Every structure is written in C-alpha cells, then in structure tokens.
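What follows is the content of protein.cif, which has mmCIF, C-alpha atoms and all ligand atoms:
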data_target
#
loop_
_atom_site.group_PDB
_atom_site.id
_atom_site.type_symbol
_atom_site.label_atom_id
_atom_site.label_comp_id
_atom_site.auth_asym_id
_atom_site.auth_seq_id
_atom_site.Cartn_x
_atom_site.Cartn_y
_atom_site.Cartn_z
ATOM 1 C CA MET A 1 0.000 0.000 0.000
ATOM 2 C CA ASN A 2 1.523 3.330 -0.889
ATOM 3 C CA ARG A 3 1.772 6.229 1.516
ATOM 4 C CA TRP A 4 -1.163 8.158 0.138
ATOM 5 C CA LEU A 5 -3.510 5.201 0.243
ATOM 6 C CA LEU A 6 -2.453 4.559 3.806
ATOM 7 C CA ALA A 7 -3.067 8.192 4.682
ATOM 8 C CA LEU A 8 -6.447 8.086 2.965
ATOM 9 C CA THR A 9 -7.405 5.016 4.961
ATOM 10 C CA VAL A 10 -6.391 6.722 8.155
ATOM 11 C CA LEU A 11 -8.185 9.943 7.352
ATOM 12 C CA ALA A 12 -11.305 7.961 6.652
ATOM 13 C CA GLY A 13 -11.045 6.734 10.244
ATOM 14 C CA GLY A 14 -12.919 9.794 11.360
ATOM 15 C CA ALA A 15 -13.937 10.977 14.766
ATOM 16 C CA ASN A 16 -11.400 9.266 16.993
ATOM 17 C CA THR A 17 -8.398 10.333 14.948
ATOM 18 C CA CYS A 18 -5.764 12.194 16.894
ATOM 19 C CA PHE A 19 -2.529 13.889 16.057
ATOM 20 C CA ALA A 20 0.781 14.741 17.528
ATOM 21 C CA PRO A 21 2.168 17.130 14.942
ATOM 22 C CA ALA A 22 5.806 17.179 14.000
ATOM 23 C CA LEU A 23 6.936 20.635 13.149
ATOM 24 C CA ALA A 24 10.106 19.263 11.831
ATOM 25 C CA ALA A 25 13.583 20.276 10.913
ATOM 26 C CA GLN A 26 14.632 23.403 9.129
ATOM 27 C CA HIS A 27 11.403 23.188 7.144
ATOM 28 C CA ALA A 28 9.720 24.492 10.299
ATOM 29 C CA LYS A 29 6.160 23.943 9.202
ATOM 30 C CA THR A 30 4.335 25.362 12.162
ATOM 31 C CA VAL A 31 0.907 23.887 11.626
ATOM 32 C CA GLN A 32 -1.256 23.661 14.686
ATOM 33 C CA MET A 33 -3.943 21.043 14.933
ATOM 34 C CA SER A 34 -6.362 19.977 17.544
ATOM 35 C CA MET A 35 -6.171 16.347 18.589
ATOM 36 C CA ASP A 36 -9.454 15.391 16.967
ATOM 37 C CA SER A 37 -9.045 17.300 13.720
ATOM 38 C CA ILE A 38 -9.304 15.698 10.304
ATOM 39 C CA LEU A 39 -6.445 16.639 8.016
ATOM 40 C CA THR A 40 -7.069 17.562 4.424
ATOM 41 C CA PHE A 41 -4.535 16.434 1.851
ATOM 42 C CA GLY A 42 -3.474 20.055 1.481
ATOM 43 C CA GLN A 43 -2.699 20.248 5.186
ATOM 44 C CA LEU A 44 -0.983 16.867 5.137
ATOM 45 C CA ALA A 45 1.209 17.982 2.238
ATOM 46 C CA ARG A 46 2.495 20.858 4.363
ATOM 47 C CA LEU A 47 3.553 18.564 7.197
ATOM 48 C CA ASP A 48 6.853 16.779 7.457
ATOM 49 C CA GLY A 49 5.374 14.154 9.717
ATOM 50 C CA VAL A 50 2.432 13.306 11.904
ATOM 51 C CA THR A 51 1.553 10.537 14.340
ATOM 52 C CA PHE A 52 -1.985 9.612 15.231
ATOM 53 C CA CYS A 53 -4.089 6.879 16.716
ATOM 54 C CA VAL A 54 -7.057 5.357 14.970
ATOM 55 C CA ASP A 55 -9.051 2.552 16.563
ATOM 56 C CA GLY A 56 -6.196 1.813 18.951
ATOM 57 C CA LYS A 57 -3.566 1.679 16.218
ATOM 58 C CA VAL A 58 -0.750 4.222 16.386
ATOM 59 C CA LEU A 59 0.482 5.241 12.966
ATOM 60 C CA SER A 60 2.900 7.805 11.584
ATOM 61 C CA TYR A 61 2.985 9.607 8.280
ATOM 62 C CA ILE A 62 6.392 10.829 7.086
ATOM 63 C CA SER A 63 6.621 13.097 4.060
ATOM 64 C CA ALA A 64 8.519 11.655 1.107
ATOM 65 C CA ASP A 65 9.689 15.177 0.297
ATOM 66 C CA LEU A 66 12.609 15.354 2.742
ATOM 67 C CA ASP A 67 16.373 15.186 2.409
ATOM 68 C CA SER A 68 18.227 12.398 4.230
ATOM 69 C CA ILE A 69 18.834 14.365 7.426
ATOM 70 C CA GLY A 70 15.295 15.737 7.411
ATOM 71 C CA ARG A 71 13.859 12.275 6.967
ATOM 72 C CA ALA A 72 15.971 10.753 9.738
ATOM 73 C CA ASP A 73 14.989 13.654 11.974
ATOM 74 C CA VAL A 74 11.257 13.298 11.316
ATOM 75 C CA GLU A 75 11.390 9.505 11.627
ATOM 76 C CA ALA A 76 13.025 9.825 15.053
ATOM 77 C CA HIS A 77 10.503 12.493 16.076
ATOM 78 C CA GLU A 78 7.503 10.383 15.087
ATOM 79 C CA ALA A 79 9.044 7.208 16.555
ATOM 80 C CA LYS A 80 9.253 9.065 19.859
ATOM 81 C CA HIS A 81 5.545 9.958 19.638
ATOM 82 C CA ARG A 82 4.725 6.286 19.014
ATOM 83 C CA GLU A 83 6.805 5.406 22.063
ATOM 84 C CA GLN A 84 4.922 8.053 24.063
ATOM 85 C CA TYR A 85 1.589 6.536 23.040
ATOM 86 C CA ALA A 86 2.868 3.127 24.154
ATOM 87 C CA ARG A 87 3.620 4.447 27.660
ATOM 88 C CA TRP A 88 -0.059 5.090 28.311
ATOM 89 C CA LYS A 89 -2.770 2.524 28.808
ATOM 90 C CA SER A 90 -4.775 3.842 25.874
ATOM 91 C CA CYS A 91 -4.543 6.318 23.032
ATOM 92 C CA LYS A 92 -7.097 8.473 24.777
ATOM 93 C CA ALA A 93 -5.018 8.579 27.964
ATOM 94 C CA PHE A 94 -2.039 9.919 26.028
ATOM 95 C CA GLN A 95 -4.226 12.317 24.067
ATOM 96 C CA ASP A 96 -5.723 13.696 27.275
ATOM 97 C CA TYR A 97 -2.207 14.271 28.601
ATOM 98 C CA TYR A 98 -1.086 15.775 25.283
ATOM 99 C CA LYS A 99 -3.982 18.213 25.349
ATOM 100 C CA THR A 100 -2.617 19.837 28.497
ATOM 101 C CA PRO A 101 0.032 22.547 28.028
ATOM 102 C CA VAL A 102 2.555 20.602 30.110
ATOM 103 C CA GLY A 103 1.814 17.353 28.291
ATOM 104 C CA ARG A 104 2.173 18.955 24.907
ATOM 105 C CA LEU A 105 5.408 20.737 25.798
ATOM 106 C CA GLU A 106 6.944 17.616 27.375
ATOM 107 C CA SER A 107 5.872 15.386 24.471
ATOM 108 C CA GLU A 108 7.038 17.727 21.735
ATOM 109 C CA ALA A 109 10.300 18.675 23.458
ATOM 110 C CA GLU A 110 11.158 14.993 23.891
ATOM 111 C CA ALA A 111 10.278 14.271 20.237
ATOM 112 C CA TYR A 112 12.215 17.277 18.924
ATOM 113 C CA VAL A 113 15.270 16.262 20.930
ATOM 114 C CA ALA A 114 15.049 12.722 19.509
ATOM 115 C CA GLY A 115 15.121 14.141 15.986
ATOM 116 C CA TYR A 116 17.783 16.680 16.877
ATOM 117 C CA CYS A 117 20.132 14.012 18.224
ATOM 118 C CA VAL A 118 19.832 11.954 15.037
ATOM 119 C CA ALA A 119 20.260 15.003 12.791
ATOM 120 C CA VAL A 120 23.326 16.248 14.644
ATOM 121 C CA LYS A 121 24.877 12.785 14.503
ATOM 122 C CA MET A 122 24.404 12.970 10.723
ATOM 123 C CA GLY A 123 26.188 16.295 10.540
ATOM 124 C CA ALA A 124 23.466 18.901 11.045
ATOM 125 C CA ASP A 125 24.525 22.144 12.720
ATOM 126 C CA PRO A 126 23.556 21.670 16.398
ATOM 127 C CA VAL A 127 23.252 25.381 17.135
ATOM 128 C CA GLN A 128 21.022 26.056 14.138
ATOM 129 C CA PHE A 129 18.868 22.967 14.712
ATOM 130 C CA LYS A 130 18.412 23.631 18.377
ATOM 131 C CA GLY A 131 17.540 27.259 17.685
ATOM 132 C CA ASN A 132 14.945 26.253 15.121
ATOM 133 C CA TYR A 133 13.344 23.757 17.458
ATOM 134 C CA ILE A 134 13.249 26.050 20.431
ATOM 135 C CA ARG A 135 11.502 28.575 18.168
ATOM 136 C CA ASN A 136 9.114 25.861 16.931
ATOM 137 C CA LEU A 137 8.213 24.942 20.488
ATOM 138 C CA TYR A 138 7.686 28.583 21.356
ATOM 139 C CA ALA A 139 5.459 28.998 18.277
ATOM 140 C CA LEU A 140 3.497 25.880 19.229
ATOM 141 C CA PHE A 141 2.246 27.733 22.278
ATOM 142 C CA GLY A 142 1.735 31.018 20.492
ATOM 143 C CA GLY A 143 4.231 32.627 22.830
ATOM 144 C CA GLY A 144 2.062 31.606 25.793
ATOM 145 C CA VAL A 145 4.907 29.765 27.535
ATOM 146 C CA MET A 146 7.986 31.497 28.866
ATOM 147 C CA PRO A 147 11.084 30.828 26.730
ATOM 148 C CA GLY A 148 12.923 29.818 29.917
ATOM 149 C CA VAL A 149 10.408 27.035 30.558
ATOM 150 C CA ILE A 150 10.827 25.760 27.015
ATOM 151 C CA LEU A 151 14.622 25.759 27.344
ATOM 152 C CA GLU A 152 14.433 23.963 30.682
ATOM 153 C CA THR A 153 12.152 21.294 29.236
ATOM 154 C CA TRP A 154 14.440 20.856 26.234
ATOM 155 C CA LYS A 155 17.477 20.404 28.470
ATOM 156 C CA LYS A 156 15.662 17.746 30.479
ATOM 157 C CA TYR A 157 15.594 15.528 27.377
ATOM 158 C CA GLU A 158 18.814 16.578 25.654
ATOM 159 C CA HIS A 159 21.018 13.560 26.301
ATOM 160 C CA CYS A 160 22.071 12.535 22.815
ATOM 161 C CA LYS A 161 23.758 9.145 22.722
HETATM 162 ZN ZN ZN B 201 5.702 16.129 17.461
#

Mind converting the file's structure to structure tokens?
Amino acid sequence: MNRWLLALTVLAGGANTCFAPALAAQHAKTVQMSMDSILTFGQLARLDGVTFCVDGKVLSYISADLDSIGRADVEAHEAKHREQYARWKSCKAFQDYYKTPVGRLESEAEAYVAGYCVAVKMGADPVQFKGNYIRNLYALFGGGVMPGVILETWKKYEHCK
C-alpha cells in the first residue's frame, strides 16, 4: 500500500483520529492542529510528519519530500511519539495528557530532541537545529509559555547518545 492510500485510509477513520504534529527540521512547518481534527490532503502535504491513533492503532505519516537528514529527523521524532503513546494505557489517555500545556510541551520537546540528536549525529549544525526547534516549540504555544520554561524542558531531554 503506498503512503497516500495509507493516509487516505487513516483519514477515513474519522472521529477518533488524533494527532501529535511534527513541526520538523529546518522546514519548520508550524501547523497547529487539535487532537481530533481531520487533516485535508493540502494540510498533510504541508507537514513533514504526523503521528496519530485510529481505533487503537498508532500510525505515523512521514513526508517523502525530505532530504536524508530531514527524513531521519522526522522519523526519530515520530518514533518518539509512538513510544509516548505506548507508555499510556490507551490512546485516549495519552491524548488527554497531550492536550494539556505541560503534556504537549513535554511530548514535543522529547520528540524534537530525539530528531535533533539523530540530525546532529548525521552532521546537522547543532546550534542552528536547536535554535529552530526552540523557536518551533515557542510557536506551538503562540508565545504563551515562557522561553525559559521551554529551554528547561528541552534540556531535560537533551542527552544525545
Ligand atoms: Zn511532534
């Protein structure tokens, strides 16, 4: 099954679809979505990656339009979201946590760091990448979270192996 057919199947899943958006890499696509939104193809095309849960199945979409570092970054980011889902007893439990400001910041910071570590290992500029992601996280909250809090949360997860 190709990626688009898979995405179409997922989008047809309807009401219980949820998303953890990846605002990935230097592409910095800052799309905000609610957890129960249905993505149009146009919106999907502007995302580098997205992870969602449909009928208890956690799935990720990764854009095919990425360079090798971007792809590795987004794959690591979305893999982290799948891991986050797996820590909770149900998709809904994770979604409820993700809907809170703290849950969203913690989840996205951890996922961004996962992608950052992979990208830097592949030769990406750590200062530039980190700067982009801190800005992405800040944008995710519309400036409603203090930059210091975002930096602190980032540092909590920044232990690249
Ligand atoms: Zn994410």

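If you look at CA of Lys130 in chain A and CA of Trp154 in chain A, they are 9.2 Å away from each other.
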
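One distance worth recording is that between CA of Glu110 in chain A and CA of Arg46 in chain A, which is 22.2 Å.
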
Residue by residue, what does the PyMOL selection byres (((chain A and resi 140-153) around 8) and not hetatm) grab here? Present the result as a compact mmCIF listing (two decimals) with C-alpha atoms, keeping the file's coordinate frame.
# COMPACT_ATOMS: atom_id res chain seq x y z
CA THR A 30 4.34 25.36 12.16
CA GLN A 32 -1.26 23.66 14.69
CA LEU A 105 5.41 20.74 25.80
CA GLU A 106 6.94 17.62 27.38
CA ALA A 109 10.30 18.68 23.46
CA ILE A 134 13.25 26.05 20.43
CA ASN A 136 9.11 25.86 16.93
CA LEU A 137 8.21 24.94 20.49
CA TYR A 138 7.69 28.58 21.36
CA ALA A 139 5.46 29.00 18.28
CA TRP A 154 14.44 20.86 26.23
CA LYS A 155 17.48 20.40 28.47
CA LYS A 156 15.66 17.75 30.48
CA TYR A 157 15.59 15.53 27.38

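Using all atoms listed in the file, the smallest distance between any of A:Gly115, A:Gly131, A:Gly56, A:Gly42 and ligand ZN 201 (chain B) comes from A:Gly115.
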
- Query: What do you get, as an MDAnalysis selection string, if you spell out every residue that the PyMOL selection byres (((chain A and resi 97) around 12) and not hetatm) selects here?
  - Reply: chainID A and resid 20 35 84:85 87:96 98:107

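Using all atoms listed in the file, the shortest contact distance between Ala114 in chain A and any of A:Lys161, A:Arg71, A:Lys80, A:Lys57 is found at A:Lys80.
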
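Counting only C-alpha atoms and all ligand atoms, the residue from A:Val127, A:Val58, A:Ala86, A:Val50 that sits nearest to ligand ZN 201 (chain B) is A:Val50.
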
Box dimensions and centre (Å, one decimal) enclosing range 102-105 of chain A, axis-aligned, 3 Å extra per side, as lines of an AutoDock Vina configuration file:
center_x = 3.6
center_y = 19.0
center_z = 27.5
size_x = 9.6
size_y = 9.4
size_z = 11.2

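Remark: for Phe129 in chain A, the closest of the candidate residues A:Glu78, A:Ala64, A:Glu83, A:Asp73 is A:Asp73 (distances computed over only C-alpha atoms).
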
Since the input lacks some atoms of range 46-57 of chain A, please model N, CA and C atoms and print them as an mmCIF file, keeping the file's coordinate frame.
data_model
loop_
_atom_site.group_PDB
_atom_site.id
_atom_site.type_symbol
_atom_site.label_atom_id
_atom_site.label_comp_id
_atom_site.auth_asym_id
_atom_site.auth_seq_id
_atom_site.Cartn_x
_atom_site.Cartn_y
_atom_site.Cartn_z
ATOM 1 N N ARG A 46 1.634 19.832 3.760
ATOM 2 C CA ARG A 46 2.495 20.858 4.363
ATOM 3 C C ARG A 46 3.198 20.352 5.626
ATOM 4 N N LEU A 47 2.910 19.120 6.011
ATOM 5 C CA LEU A 47 3.553 18.564 7.197
ATOM 6 C C LEU A 47 4.738 17.694 6.820
ATOM 7 N N ASP A 48 5.739 17.693 7.655
ATOM 8 C CA ASP A 48 6.853 16.779 7.457
ATOM 9 C C ASP A 48 6.536 15.418 8.063
ATOM 10 N N GLY A 49 5.732 15.421 9.095
ATOM 11 C CA GLY A 49 5.374 14.154 9.717
ATOM 12 C C GLY A 49 4.220 14.336 10.671
ATOM 13 N N VAL A 50 3.526 13.252 10.940
ATOM 14 C CA VAL A 50 2.432 13.306 11.904
ATOM 15 C C VAL A 50 2.196 11.898 12.441
ATOM 16 N N THR A 51 1.863 11.827 13.718
ATOM 17 C CA THR A 51 1.553 10.537 14.340
ATOM 18 C C THR A 51 0.163 10.628 14.937
ATOM 19 N N PHE A 52 -0.603 9.579 14.760
ATOM 20 C CA PHE A 52 -1.985 9.612 15.231
ATOM 21 C C PHE A 52 -2.406 8.217 15.640
ATOM 22 N N CYS A 53 -3.554 8.162 16.272
ATOM 23 C CA CYS A 53 -4.089 6.879 16.716
ATOM 24 C C CYS A 53 -5.501 6.730 16.174
ATOM 25 N N VAL A 54 -5.732 5.645 15.505
ATOM 26 C CA VAL A 54 -7.057 5.357 14.970
ATOM 27 C C VAL A 54 -7.452 3.949 15.410
ATOM 28 N N ASP A 55 -8.568 3.856 16.092
ATOM 29 C CA ASP A 55 -9.051 2.552 16.563
ATOM 30 C C ASP A 55 -7.955 1.779 17.298
ATOM 31 N N GLY A 56 -7.225 2.464 18.136
ATOM 32 C CA GLY A 56 -6.196 1.813 18.951
ATOM 33 C C GLY A 56 -4.891 1.548 18.227
ATOM 34 N N LYS A 57 -4.812 1.887 16.964
ATOM 35 C CA LYS A 57 -3.566 1.679 16.218
ATOM 36 C C LYS A 57 -2.830 3.007 16.095
#
